[in-house]
Amino acid sequence: MEKAIKIEKLSKAYQLGEFSTGTLSRDIERWWALLRGKEDPFLKIGEVNERTKGGNSNIVWSLKDINFEIERGSAVGIIGRNGAGKSTLLKILSRVTTPTTGVVKIKGRIASLLEVGTGFHPELTGRENIFLNGAILGMRKQEIKRKFDEIVDFAGVERYIDTPVKRYSSGMYVRLAFGVAAHLESEILIVDEVLAVGDSEFQKKCLGKMKDVSNKDGRTVLFVSHNMAAIKQLCSHGILLKNGQLQLNGDVANIVEEYLNSGITSIRESSWTNEDAPGNDKISIRKIAAYAKGKTTTDPIKSNEDIIVELQFENKMKNVDLDVTWDIFDAEAAHVCHVGTLVGNGDKVNQGTFKVQFQIPKNLLNTTRYYFNITFGINQRYVAFKYDNILSLDIEDGLSRQGASFHKYPGIIHPKFEWSVQQIFN
Amino acid sequence: MELTTKQINIKENGHKEKQHWDLEIKPHTNIFNLHLKDVWNYRDLLILLVRRDFISFYKQTIFGPLWFFIQPIFTTIIYTLIFSRLAGISTEDAPAPLFYLTGTVAWNYFAECLTKTSTVFRDNANIFGKVYFPRLIMPLSIVMSNLVKFGVQLLLFILVMVWYIIKGENVHPNEYLLLFPVIVLLLALQGLGFGLIVTALTTKYRDLAFLITFGIQLAMYATPVIYPLSAAPQQFKEIIALNPLSGLIEAFRYGFLGTGHFYPGYFYYSVCFSIIVVLAGLIIFNKTEKNFVDTV
C-alpha cells in the first residue's frame with residue numbers, strides 16, 4: 001500500500017526563558033551583563049536556581065522522536081491530552097512551523113484546516129470570500145470556480161451570496177467557511193477540532209462530508225479532536241500522543257479506550273496553587289472534588305449514594321454574566337448530559353473566588369467510569385475557558401449484595417425507576 | 001502497548017523506501033532558496049488579496065476611491081504654501097504644485113510599501129499561524145495594492161500636468177519618461193526590501209516598529225521631495241545623494257517636467273542598491289518566516 005505521509009524521528013523543541021526579551025534595549029543590556037560575566041538580569045528567578053546542564057535546561061521538547069507512516073486513503077485520528085503535542089504535530093504538518101530535527105515526507109497535495117474561515121474578510125461578500133479563502137487554502141481560481149456551486153449548496157447560503165459576510169449569522173459564516181474547506185481537492189486533509197463549531201445538525205453534516213472525503217474519494221484524512229465519539233465514527237486508525245511522544249499507533253477503538261483509561265486511577269480531587277492553576281486571563285481553576293454525600297474523596301462512590309461535585313475557581317473578569325457548564329461522558333465517549341448554572345444567579349459578577357457545587361441524585365448513573373469536561377461561558381454564548389477531563393469517577397454497584405462490583409449494566413445510565421407489578425388476571 | 005511499538009518497528013525496518021515524495025518538511029533549507037516557484041503557484045491568491053485590499057478600502061466610505069486623490073491634493077497645497085511661498089525654496093523653474101506632486105506621489109509609493117510591509121508578520125500573525133502559503137505573497141500583495149493606488153494618483157498628476165502644458169507653463173516631458181517603469185519598479189523593490197528586513201527584525205525587536213513610523217517622516221527630508229537636489233548646500237549634496245532614493249526621485253521628476261537634472265551616477269547607484277536590499281530582504285524574511293510562529 002502506498003504511503004501518504006512518512007514521519008521520521010520528528011522532534012520539536014521550544015526554548016524557554018532564554019528567549020529574546022522583546023525590545024532591543026533590553027537585549028543590549030543583557031549582552032552587556034553577560035559580557036561582564038554577570039547574571040542575566042532578565043532570567044526569571046525560578047530559572048536562575050536551576051542547574052544548567054550545558055545550557056539545555058530551558059528547552060522543552062514538545063515532540064520527541066516521532067515515527068509513523070500513514071497509508072493513502074486512511075482516516076487517522078490523533079489523540080492526546082492537552083500538551084501532548086497534537087497541535088505542534090499539526091503545525092509542522094501544515095508547514096506553519098518547522099521541526100527542530102527529523103523529516104516529514106508527503107505524497108500529494110496537503111491542505112490543513114486548523115481553523116475554519118482563515119482570512120475571511122467581513123467587508124467582502126460570500127462570493128468574494130469563497131475565492132479568497134479557497135486561494136489561501138491553496139486552490140487555484142479555476143478550481144474554485146468549478147466547485148463554487150457545490151460549496152454554496154453545501155453551505156446553504158445561496159440567497160446571501162452577494163451580501164458581505166459581516167451580515168451573516170455565525171452559523172452561516174461557519175457553514176460557508178467549512179464548505180470551502182471541505183471542497184479542497186487535496187490528497188491529504190488535516191482537520192483540527194473544527195467540528196466543535198456550528199449546531200449539531202451541521203456537525204453531523206461535516207462528519208458525513210469528511211467520511212465521504214476519506215471513504216469515497218480515497219483521500220487521506222488526519223483528524224484531531226477531543227471528541228472521542230467523532231474520532232471513532234470517522235477514523236479507522238488512531239495515534240495516541242503523550243508528553244510529546246508516540247505512545248500507541250493502531251486500531252482506533254483500542255486507542256480511544258487506552259486514552260480514556262490512561263489515567264488508571266480516576267481523578268476525584270485536584271487542587272492548584274496560583275502558579276500552576278489551569279486557566280487564562282479570565283478564569284483560573286483552583287479546586288475540584290467529587291465525593292459521595294457525607295463521605296470523603298477517598299471513599300468509593302456507590303450507585304445508591306448522592307454524589308457531590310464541587311468546584312472552586314477564580315473569576316478575573318469584571319461585570320460579566322458568567323456560567324459554568326459541565327459535560328459528562330461515559331467510558332465509551334457517549335455524551336451523557338450537558339448541565340450548568342449561572343454563577344451570578346441572573347446578576348453580573350465581578351472578580352473573586354467562587355465555589356459552585358451540584359449534586360447528582362443517587363441511583364442515576366451506571367456502574368462505570370464517567371468523565372467530566374468543564375466550560376466557563378460568558379453571556380451563555382462565548383467560551384471564557386474550557387478544560388476537558390478535569391474529573392473522572394468510578395461508580396460502584398451499591399445494590400449488589402456481595403461487596404463492590406464493577407459490572408456495568410447495558411446503557412449509558414442506570415436509573416432506578418418506580419415499579420409496580422400487579423397480577424390482574426388469573 | 002509494547003506489541004504496537006513492535007509493529008511499528010517491523011514496518012520501519014521491513015519497508016525499503018522506493019516511494020517518490022512530493023514534499024519534504026525539514027528543519028533547514030538552503031538560505032538562498034527563495035521558493036519563488038512556490039510564490040508563482042499562488043499567483044491567484046496574490047491577485048485576490050490585492051482585490052480584497054482595494055474593495056475593503058473604499059467600502060463604507062462616502063468618497064470611496066476619491067480618497068486616493070484627496071491625500072496628495074492636500075499635501076501638495078500645504079507644501080506649496082509652506083515650502084514655496086513661505087520658505088521660498090526653489091522648485092527649479094517648474095510650477096510649484098507640479099513639483100511637489102511628483103515628489104509626494106513617488107515618495108508616498110515608496111513610504112507606503114515600506115511601512116505596510118514592515119508590519120506584515122505582526123498584522124498577519126493569526127493567519128500565518130493557521131495556514132501555509134508562501135509568506136512572501138503578503139508583502140507582494142501590499143506592493144501591488146499600493147501600485148494600484150499609485151496608478152490612480154499618477155492619473156491625477158497627469159491631468160494636472162496636461163493642464164499646465166495647455167496653460168503654456170514650463171513643463172517639458174522628455175525621453176527620460178521611458179525610465180518611468182524602471183523607476184517605479186526600483187521604488188517598489190526598495191520599499192519591499194527595507195520592509196522585509198524591518199518586519200523580520202520586529203518579530204524579535206518591537207522597538208523597530210516605532211522607529212519606522214517617525215523615521216520614515218524624517219527620511220523624507222533627507223530625500224529631494226520638497227526641494228531639488230541642486231538647491232541643497234554643497235556639503236550636504238553628497239550625503240543626500242547617498243540616499244538611494246535621491247537619484248530615483250530626481251530622474252522621475254526630470255522625465256515628467258524637464259526641469260532639474262538627470263544624474264546617471266546616482267541613478268545606477270540606486271539600481272545596485274535596490275537589488276542588494278531586496279535580495280537581503282528576501283533572505284532574512286525567508287529565514288524568519290519558518291519559525292516566527294513560535295516567537296510571536
# chains A, B, ... in the order shown; residues from 1 in each chain; ligands from 1
>>> interface_residues(of="chain B", to="chain A", cutoff="8 Å", atoms="only C-alpha atoms", output="PyMOL selection string")
chain B and resi 1+4-5+8+19-27+42+44-45+48-49+52+55-56+59+127-133+204-207+290-294
>>> write_last_selection(atoms="N, CA and C atoms", output="CSV table (one decimal), in the first residue's frame")
chain,number,residue,atom,x,y,z
B,1,MET,N,0.4,-2.5,24.4
B,1,MET,CA,1.2,-1.3,24.1
B,1,MET,C,2.5,-1.6,23.5
B,4,THR,N,2.3,-2.9,19.9
B,4,THR,CA,2.1,-2.0,18.8
B,4,THR,C,3.5,-1.3,18.5
B,5,THR,N,4.2,-1.0,19.5
B,5,THR,CA,5.5,-0.4,19.2
B,5,THR,C,6.4,-1.3,18.4
B,8,ILE,N,5.4,-1.2,14.8
B,8,ILE,CA,5.9,0.0,14.1
B,8,ILE,C,7.3,-0.3,13.7
B,19,GLN,N,9.4,4.9,-2.6
B,19,GLN,CA,8.4,5.8,-3.0
B,19,GLN,C,8.9,7.2,-3.4
B,20,HIS,N,8.2,7.8,-4.2
B,20,HIS,CA,8.5,9.2,-4.6
B,20,HIS,C,7.7,10.1,-3.7
B,21,TRP,N,8.4,11.1,-3.1
B,21,TRP,CA,7.7,12.1,-2.3
B,21,TRP,C,7.6,13.4,-2.9
B,22,ASP,N,6.4,14.1,-2.7
B,22,ASP,CA,6.2,15.4,-3.3
B,22,ASP,C,6.8,16.5,-2.5
B,23,LEU,N,6.8,16.3,-1.2
B,23,LEU,CA,7.2,17.4,-0.3
B,23,LEU,C,8.0,16.8,0.9
B,24,GLU,N,9.0,17.5,1.2
B,24,GLU,CA,9.7,17.1,2.5
B,24,GLU,C,9.8,18.3,3.4
B,25,ILE,N,9.4,18.1,4.6
B,25,ILE,CA,9.4,19.2,5.6
B,25,ILE,C,10.6,18.9,6.5
B,26,LYS,N,11.6,19.7,6.4
B,26,LYS,CA,12.9,19.5,7.1
B,26,LYS,C,13.2,20.8,7.9
B,27,PRO,N,14.1,20.6,8.9
B,27,PRO,CA,14.4,21.7,9.8
B,27,PRO,C,15.1,22.8,9.0
B,42,TYR,N,1.0,30.4,-6.3
B,42,TYR,CA,0.0,31.0,-5.6
B,42,TYR,C,-0.4,32.4,-6.1
B,44,ASP,N,-2.7,33.4,-8.0
B,44,ASP,CA,-4.2,33.7,-7.9
B,44,ASP,C,-4.5,34.4,-6.5
B,45,LEU,N,-3.8,33.8,-5.5
B,45,LEU,CA,-4.0,34.4,-4.2
B,45,LEU,C,-3.6,35.9,-4.1
B,48,LEU,N,-6.1,38.0,-5.7
B,48,LEU,CA,-7.3,38.2,-4.8
B,48,LEU,C,-7.1,39.0,-3.6
B,49,LEU,N,-5.8,39.0,-3.1
B,49,LEU,CA,-5.5,39.8,-1.9
B,49,LEU,C,-5.5,41.3,-2.3
B,52,ARG,N,-9.0,42.3,-2.5
B,52,ARG,CA,-9.5,42.5,-1.2
B,52,ARG,C,-9.2,43.8,-0.6
B,55,ILE,N,-11.1,46.6,-2.4
B,55,ILE,CA,-12.6,46.6,-2.0
B,55,ILE,C,-12.8,47.1,-0.6
B,56,SER,N,-12.0,46.5,0.4
B,56,SER,CA,-12.2,46.8,1.8
B,56,SER,C,-11.8,48.3,2.0
B,59,LYS,N,-15.0,50.4,0.7
B,59,LYS,CA,-16.4,50.0,1.2
B,59,LYS,C,-16.7,50.8,2.4
B,127,ILE,N,-3.3,34.6,10.8
B,127,ILE,CA,-3.4,33.8,9.5
B,127,ILE,C,-2.2,33.0,9.3
B,128,PHE,N,-1.0,33.6,9.5
B,128,PHE,CA,0.2,32.8,9.3
B,128,PHE,C,0.3,31.6,10.3
B,129,GLY,N,-0.3,31.7,11.4
B,129,GLY,CA,-0.3,30.7,12.4
B,129,GLY,C,-1.2,29.5,12.1
B,130,LYS,N,-2.1,29.8,11.1
B,130,LYS,CA,-3.1,28.8,10.8
B,130,LYS,C,-3.0,28.1,9.5
B,131,VAL,N,-2.4,28.7,8.6
B,131,VAL,CA,-2.4,28.1,7.2
B,131,VAL,C,-1.1,28.4,6.5
B,132,TYR,N,-0.6,27.5,5.7
B,132,TYR,CA,0.6,27.7,5.0
B,132,TYR,C,0.3,28.3,3.6
B,133,PHE,N,1.0,29.3,3.2
B,133,PHE,CA,1.1,29.7,1.8
B,133,PHE,C,2.4,30.5,1.8
B,204,LYS,N,11.4,40.1,16.6
B,204,LYS,CA,12.3,40.0,17.8
B,204,LYS,C,12.3,41.3,18.6
B,205,TYR,N,12.4,42.4,17.8
B,205,TYR,CA,12.6,43.7,18.5
B,205,TYR,C,11.4,44.6,18.1
B,206,ARG,N,10.5,44.8,19.0
B,206,ARG,CA,9.3,45.6,18.7
B,206,ARG,C,9.6,47.1,18.5
B,207,ASP,N,10.7,47.5,19.2
B,207,ASP,CA,11.1,48.9,19.1
B,207,ASP,C,11.1,49.5,17.7
B,290,LYS,N,10.1,30.9,8.7
B,290,LYS,CA,9.9,29.4,9.1
B,290,LYS,C,9.5,29.2,10.5
B,291,ASN,N,10.1,30.0,11.4
B,291,ASN,CA,9.8,29.8,12.8
B,291,ASN,C,9.2,30.9,13.6
B,292,PHE,N,8.7,31.9,12.8
B,292,PHE,CA,8.3,33.1,13.5
B,292,PHE,C,7.0,32.9,14.4
B,293,VAL,N,6.3,31.8,14.0
B,293,VAL,CA,5.1,31.5,14.7
B,293,VAL,C,5.4,31.1,16.2
B,294,ASP,N,6.6,30.6,16.4
B,294,ASP,CA,7.0,30.1,17.7
B,294,ASP,C,7.3,31.3,18.6
>>> residues_around(residues="A:Ser74", least_positions_apart="6", cutoff="7 Å", atoms="only C-alpha atoms", output="PyMOL selection string")
chain A and resi 214+220-221
>>> closest_residue(among="B:Leu136, B:Val120, B:Ala94, B:Ala231", to="B:Tyr164", atoms="only C-alpha atoms")
B:Ala94
>>> select_by_dssp(residues="stretch 96-320 of chain A", states="helix (DSSP H, G or I)", output="JSON, numbers by chain")
{"A": [126, 127, 128, 129, 130, 131, 132, 133, 134, 135, 136, 141, 142, 143, 144, 145, 146, 147, 148, 149, 150, 151, 152, 153, 154, 155, 158, 159, 160, 165, 166, 167, 170, 171, 172, 173, 174, 175, 176, 177, 178, 179, 180, 181, 182, 194, 195, 196, 200, 201, 202, 203, 204, 205, 206, 207, 208, 209, 210, 211, 212, 213, 214, 215, 228, 229, 230, 231, 232, 233, 234, 252, 253, 254, 255, 256, 257, 258, 259, 260, 261]}
>>> residues_around(residues="A:Ala331", least_positions_apart="4", cutoff="12 Å", atoms="only C-alpha atoms", output="PyMOL selection string")
chain A and resi 228-229+253+256-262+266+335-336+366-372+389+392-395+408+411-413
